[in-house]
Amino acid sequence: MLIGVPKEIKPDEYRIGLTPESVLALTEAGHEVMILTEAGHGIGKTDEEYINSGAVIAETREEIFDRAEMIIKVKEPQLDECALLKEDQILFTYLHLAPDPEQIKALIASGSKAIAYESVKANDGSYPLLTPMSEVAGRMAVQAGASCLEKAKGGRGLLMGGVTGVEPAKVVVIGGGVVGINAIEIAIGMQANVTVLDKSARRLDYLESVFGDRLNAVLANDQNNRAFIEAADLVIGAVLIPGASAPKIISRKMIKSMKPGSVIVDVAIDQGGCCETSRPTTHSEPTYLEEDVIHYCVANMPGAVPLTSAYALNEVTLPYILKLANNGFKDALRDDPGFCEGLSVCNGHLTIAAVAEEHGYEYISPMELINQG
Ligand SMILES: NC(=O)c1ccc[n+]([C@@H]2O[C@H](COP(=O)([O-])OP(=O)(O)OC[C@H]3O[C@@H](n4cnc5c(N)ncnc54)[C@H](O)[C@@H]3O)[C@@H](O)[C@H]2O)c1
């Protein structure tokens, strides 16, 4: 199979879909890989390193979109990239379709087969291609939040861990999944006072068993959310309803109740954000002030640490990319129902139920579509 890797064009996005090591694995398996010139520079990899792994360097992205049978990316295709996608071409990348009606329309119009990393499911029900980026974002959320709390950044002027005789910062993590547990771990490591709110009692039990009395684990409901958000110095929004837009569980009123100079890091912003006052920002301008609370809402947080992120991502995507390249689209998805769940748009049809329902499209099950031939 001819596999194409363009350069990411989303603002401040430095990751790349394939590392030289992944290219080598694919070329050794008998596939051709075409990389856009300088696409690896963001992770410090030169064209020569890609050539040494067996890749061919393309001078224009048009050449890649024109010739490749499968496109591997990191972020969702921008509209001008959607316009380059061809009928039957496979696109394998993060899509985050729920908050992005224009992308939905453009992908449907392209006739391509778009598989979303974030919707691919493992046998145990987890989302293996979301996990490594959630780990990165969870760890970064605390780093970003701690920096925003500094006075020069407009924050309250609080040190996360306090010092002897002075209280530490109060950190409230909403959603104790993969982002949440990583944020909790770093915040506890910085000796902050940490509370997690999750709607799943089972998840709270697990978090308690991991962190013991270093963590305050509380059931998420309107009353608890309101009380803990009001008292927090740093709130980290980390909820997820798979495939759907994030629920707006933090209202403007709750944000208004926080102390001036407090911080919210809305990690769920890639799914639309879990806070009424959130809107997407970039690494160049990561924050804005609303109701005197600093909002950090970068939708591609792992893009700031592309070297760590590209390798972490490739570790989990490569087996799926090899499956597609070795077995072909149909057999690869038919033999793995969890992989098939990642198929989001296929030959002009929307194949992800939550997004179809939210945006009023007809839904066709991906497996049904594949079995129809
Ligand atoms: N901004 C970024 O760069 C970036 C990077 C990675 C992940 N994310 C996003 O971070 C979010 C979290 O991802 P994850 O991998 O940790 O998901 P996850 O499924 O592992 O965890 C989500 C948690 O949220 C909880 N939850 C759901 N609804 C809730 C509610 N109403 N109240 C309280 N808890 C609730 C669930 O019980 C679960 O424990 C997602 O929106 C994901 O897309 C963003």
# chains A, B, ... in the order shown; residues from 1 in each chain; ligands from 1

$ residues_around --residues "A:Ala201" --least-positions-apart "3" --cutoff "10 Å" --atoms "only C-alpha atoms" --output "ChimeraX atom specification"
/A:197-198,204-207,217-220

$ write_last_selection --atoms "N, CA and C atoms" --output "PDB file, in the first residue's frame"
ATOM      1  N   LEU A 197     -13.724  15.023  41.097  1.00  0.00           N
ATOM      2  CA  LEU A 197     -15.178  14.827  41.014  1.00  0.00           C
ATOM      3  C   LEU A 197     -15.446  13.958  39.788  1.00  0.00           C
ATOM      4  N   ASP A 198     -16.113  12.832  39.973  1.00  0.00           N
ATOM      5  CA  ASP A 198     -16.459  11.989  38.825  1.00  0.00           C
ATOM      6  C   ASP A 198     -17.869  11.459  39.067  1.00  0.00           C
ATOM      7  N   LEU A 204     -14.338   6.355  41.201  1.00  0.00           N
ATOM      8  CA  LEU A 204     -13.881   7.030  42.420  1.00  0.00           C
ATOM      9  C   LEU A 204     -13.255   6.019  43.382  1.00  0.00           C
ATOM     10  N   ASP A 205     -13.883   4.825  43.484  1.00  0.00           N
ATOM     11  CA  ASP A 205     -13.330   3.765  44.346  1.00  0.00           C
ATOM     12  C   ASP A 205     -11.924   3.422  43.902  1.00  0.00           C
ATOM     13  N   TYR A 206     -11.768   3.296  42.575  1.00  0.00           N
ATOM     14  CA  TYR A 206     -10.455   2.936  42.039  1.00  0.00           C
ATOM     15  C   TYR A 206      -9.424   4.021  42.380  1.00  0.00           C
ATOM     16  N   LEU A 207      -9.812   5.285  42.151  1.00  0.00           N
ATOM     17  CA  LEU A 207      -8.874   6.389  42.402  1.00  0.00           C
ATOM     18  C   LEU A 207      -8.494   6.444  43.884  1.00  0.00           C
ATOM     19  N   ALA A 217     -11.871  12.152  46.984  1.00  0.00           N
ATOM     20  CA  ALA A 217     -12.661  11.669  45.840  1.00  0.00           C
ATOM     21  C   ALA A 217     -14.143  11.891  46.117  1.00  0.00           C
ATOM     22  N   VAL A 218     -14.816  12.649  45.248  1.00  0.00           N
ATOM     23  CA  VAL A 218     -16.187  13.088  45.516  1.00  0.00           C
ATOM     24  C   VAL A 218     -17.070  12.806  44.299  1.00  0.00           C
ATOM     25  N   LEU A 219     -18.305  12.371  44.561  1.00  0.00           N
ATOM     26  CA  LEU A 219     -19.239  12.111  43.464  1.00  0.00           C
ATOM     27  C   LEU A 219     -19.651  13.435  42.803  1.00  0.00           C
ATOM     28  N   ALA A 220     -19.578  13.464  41.464  1.00  0.00           N
ATOM     29  CA  ALA A 220     -19.951  14.696  40.749  1.00  0.00           C
ATOM     30  C   ALA A 220     -21.473  14.820  40.688  1.00  0.00           C
TER      31      ALA A 220
END

$ residues_around --residues "A:Ala169" --least-positions-apart "6" --cutoff "7 Å" --atoms "only C-alpha atoms" --output "PyMOL selection string"
chain A and resi 158-162+192-193+233

$ write_last_selection --atoms "N, CA and C atoms" --output "compact mmCIF listing (two decimals), in the first residue's frame"
# COMPACT_ATOMS: atom_id res chain seq x y z
N LEU A 158 -0.12 32.06 43.56
CA LEU A 158 -0.05 30.91 44.48
C LEU A 158 0.96 29.88 44.00
N LEU A 159 1.74 29.34 44.94
CA LEU A 159 2.60 28.20 44.62
C LEU A 159 1.78 26.93 44.86
N MET A 160 1.82 26.01 43.91
CA MET A 160 0.95 24.82 44.00
C MET A 160 1.07 24.12 45.36
N GLY A 161 2.31 23.89 45.80
CA GLY A 161 2.48 23.10 47.02
C GLY A 161 2.51 23.92 48.29
N GLY A 162 2.36 25.25 48.18
CA GLY A 162 2.53 26.11 49.35
C GLY A 162 3.92 25.93 49.93
N ALA A 192 -0.08 19.76 46.04
CA ALA A 192 -1.30 20.56 46.10
C ALA A 192 -2.37 19.80 46.89
N ASN A 193 -3.44 20.50 47.23
CA ASN A 193 -4.59 19.89 47.88
C ASN A 193 -5.55 19.46 46.74
N ASP A 233 -8.64 26.87 43.42
CA ASP A 233 -7.70 27.80 42.79
C ASP A 233 -7.47 27.38 41.34

$ closest_residue --among "A:Leu318, A:Ala137, A:Leu350, A:Ala106" --to "ligand 1" --atoms "only C-alpha atoms and all ligand atoms"
A:Ala137

$ residues_around --residues "A:Pro306" --least-positions-apart "6" --cutoff "10 Å" --atoms "only C-alpha atoms" --output "VMD selection string"
chain A and resid 13 to 16 42 to 44 312 to 313

$ write_last_selection --atoms "N, CA and C atoms" --output "PDB file, in the first residue's frame"
ATOM      1  N   GLU A  13       1.057  23.122  15.735  1.00  0.00           N
ATOM      2  CA  GLU A  13       1.048  21.657  15.791  1.00  0.00           C
ATOM      3  C   GLU A  13       2.344  21.159  15.165  1.00  0.00           C
ATOM      4  N   TYR A  14       3.174  20.491  15.967  1.00  0.00           N
ATOM      5  CA  TYR A  14       4.504  20.086  15.492  1.00  0.00           C
ATOM      6  C   TYR A  14       4.673  18.578  15.387  1.00  0.00           C
ATOM      7  N   ARG A  15       3.613  17.826  15.762  1.00  0.00           N
ATOM      8  CA  ARG A  15       3.740  16.370  15.680  1.00  0.00           C
ATOM      9  C   ARG A  15       3.694  15.924  14.214  1.00  0.00           C
ATOM     10  N   ILE A  16       3.991  14.657  13.982  1.00  0.00           N
ATOM     11  CA  ILE A  16       3.895  14.077  12.637  1.00  0.00           C
ATOM     12  C   ILE A  16       3.278  12.681  12.787  1.00  0.00           C
ATOM     13  N   GLY A  42       9.457  19.240  13.116  1.00  0.00           N
ATOM     14  CA  GLY A  42       8.887  19.570  14.434  1.00  0.00           C
ATOM     15  C   GLY A  42       9.329  18.607  15.521  1.00  0.00           C
ATOM     16  N   ILE A  43       9.688  17.364  15.150  1.00  0.00           N
ATOM     17  CA  ILE A  43      10.189  16.420  16.163  1.00  0.00           C
ATOM     18  C   ILE A  43      11.702  16.204  15.969  1.00  0.00           C
ATOM     19  N   GLY A  44      12.317  17.118  15.226  1.00  0.00           N
ATOM     20  CA  GLY A  44      13.779  17.076  15.082  1.00  0.00           C
ATOM     21  C   GLY A  44      14.281  16.013  14.119  1.00  0.00           C
ATOM     22  N   ALA A 312       4.850   8.539  21.555  1.00  0.00           N
ATOM     23  CA  ALA A 312       3.793   7.870  22.345  1.00  0.00           C
ATOM     24  C   ALA A 312       2.634   7.471  21.436  1.00  0.00           C
ATOM     25  N   LEU A 313       2.301   8.343  20.499  1.00  0.00           N
ATOM     26  CA  LEU A 313       1.183   8.062  19.592  1.00  0.00           C
ATOM     27  C   LEU A 313       1.525   6.909  18.650  1.00  0.00           C
TER      28      LEU A 313
END

$ atom_distance --atom1 "atom CA of A:Met258" --atom2 "atom CA of A:Gly157"
14.8 Å

$ residues_near_ligand --ligand "ligand 1" --cutoff "6 Å" --atoms "only C-alpha atoms and all ligand atoms" --output "JSON list (two decimals) with C-alpha atoms, in the first residue's frame"
[["chain", "number", "residue", "atom", "x", "y", "z"],
["A", 130, "LEU", "CA", -6.71, 8.29, 22.91],
["A", 131, "THR", "CA", -4.88, 7.09, 26.01],
["A", 133, "MET", "CA", -2.41, 11.79, 24.34],
["A", 134, "SER", "CA", -4.70, 11.95, 27.38],
["A", 137, "ALA", "CA", -2.58, 16.34, 28.33],
["A", 174, "ILE", "CA", -13.50, 17.04, 37.08],
["A", 175, "GLY", "CA", -13.49, 13.64, 35.39],
["A", 176, "GLY", "CA", -11.09, 11.08, 36.83],
["A", 177, "GLY", "CA", -10.36, 9.09, 33.66],
["A", 178, "VAL", "CA", -7.01, 8.98, 31.86],
["A", 179, "VAL", "CA", -6.51, 12.78, 31.75],
["A", 180, "GLY", "CA", -7.81, 13.01, 35.31],
["A", 197, "LEU", "CA", -15.18, 14.83, 41.01],
["A", 198, "ASP", "CA", -16.46, 11.99, 38.82],
["A", 199, "LYS", "CA", -19.97, 10.72, 38.14],
["A", 200, "SER", "CA", -18.78, 7.11, 38.31],
["A", 220, "ALA", "CA", -19.95, 14.70, 40.75],
["A", 238, "ALA", "CA", -11.38, 16.30, 31.99],
["A", 239, "VAL", "CA", -14.77, 14.71, 31.30],
["A", 240, "LEU", "CA", -15.58, 12.60, 28.26],
["A", 241, "ILE", "CA", -18.70, 11.13, 26.73],
["A", 267, "VAL", "CA", -8.78, 19.85, 28.61],
["A", 268, "ALA", "CA", -12.10, 18.64, 27.16],
["A", 269, "ILE", "CA", -12.05, 21.63, 24.78],
["A", 270, "ASP", "CA", -11.24, 19.29, 21.87],
["A", 271, "GLN", "CA", -14.76, 17.89, 22.36],
["A", 298, "VAL", "CA", -5.66, 24.64, 24.08],
["A", 299, "ALA", "CA", -7.29, 21.97, 21.92],
["A", 300, "ASN", "CA", -4.01, 20.24, 21.00],
["A", 301, "MET", "CA", -2.06, 20.30, 24.25],
["A", 302, "PRO", "CA", 0.27, 17.39, 23.31]]

$ select_by_dssp --residues "stretch 247-347 of chain A" --states "helix (DSSP H, G or I)" --output "MDAnalysis selection string"
chainID A and resid 252:256 267:271 301:304 306:327 329:334 337:340

$ closest_residue --among "A:Val345, A:Ala55, A:Leu333, A:Ala325" --to "A:Met367" --atoms "only C-alpha atoms"
A:Leu333

$ select_by_dssp --residues "stretch 54-141 of chain A" --states "strand (DSSP E)" --output "list in words"
Val56, Ile57, Ala58, Met70, Ile71, Ile72, Ile90, Leu91, Phe92, Thr93, Lys113, Ala114, Ile115 and Ala116 of chain A

$ closest_residue --among "A:His96, A:His295, A:Lys253, A:Lys73" --to "A:Lys153" --atoms "only C-alpha atoms"
A:His295

$ atom_distance --atom1 "atom CA of A:Cys274" --atom2 "atom CA of A:Glu8"
26.3 Å

$ closest_atom_pairs --of "stretch 75-186 of chain A" --to "stretch 282-292 of chain A" --cutoff "10 Å" --atoms "only C-alpha atoms" --output "Markdown table"
| residue | atom | partner | partner_atom | distance |
| --- | --- | --- | --- | --- |
| A:Ala144 | CA | A:Pro286 | CA | 9.3 |
| A:Cys148 | CA | A:Thr287 | CA | 8.5 |
| A:Lys153 | CA | A:Thr287 | CA | 9.4 |
| A:Gly154 | CA | A:Leu289 | CA | 8.9 |
| A:Gly155 | CA | A:Asp292 | CA | 9.5 |

$ atom_distance --atom1 "atom CA of A:Glu38" --atom2 "atom CA of A:Glu59"
9.2 Å

$ residues_around --residues "A:Glu185" --least-positions-apart "6" --cutoff "10 Å" --atoms "only C-alpha atoms" --output "number ranges by chain"
A: 138-139, 142, 191, 194, 210-211, 214-215

$ write_last_selection --atoms "C-alpha atoms" --output "tab-separated table (two decimals), in the first residue's frame"
chain	number	residue	atom	x	y	z
A	138	GLY	CA	-3.34	15.35	31.94
A	139	ARG	CA	0.28	15.86	32.98
A	142	VAL	CA	-1.17	20.78	35.92
A	191	GLN	CA	1.89	18.73	47.01
A	194	VAL	CA	-6.36	17.69	45.29
A	210	VAL	CA	-4.57	4.27	44.12
A	211	PHE	CA	-4.06	7.56	45.98
A	214	ARG	CA	-3.73	12.09	49.44
A	215	LEU	CA	-6.85	12.49	47.27

$ closest_residue --among "A:Thr19, A:Asn52, A:Asn224, A:Ser147" --to "A:Ala39" --atoms "only C-alpha atoms"
A:Thr19

$ closest_residue --among "A:Pro132, A:Pro260, A:Pro6, A:Gly17" --to "A:Glu230" --atoms "only C-alpha atoms"
A:Pro260
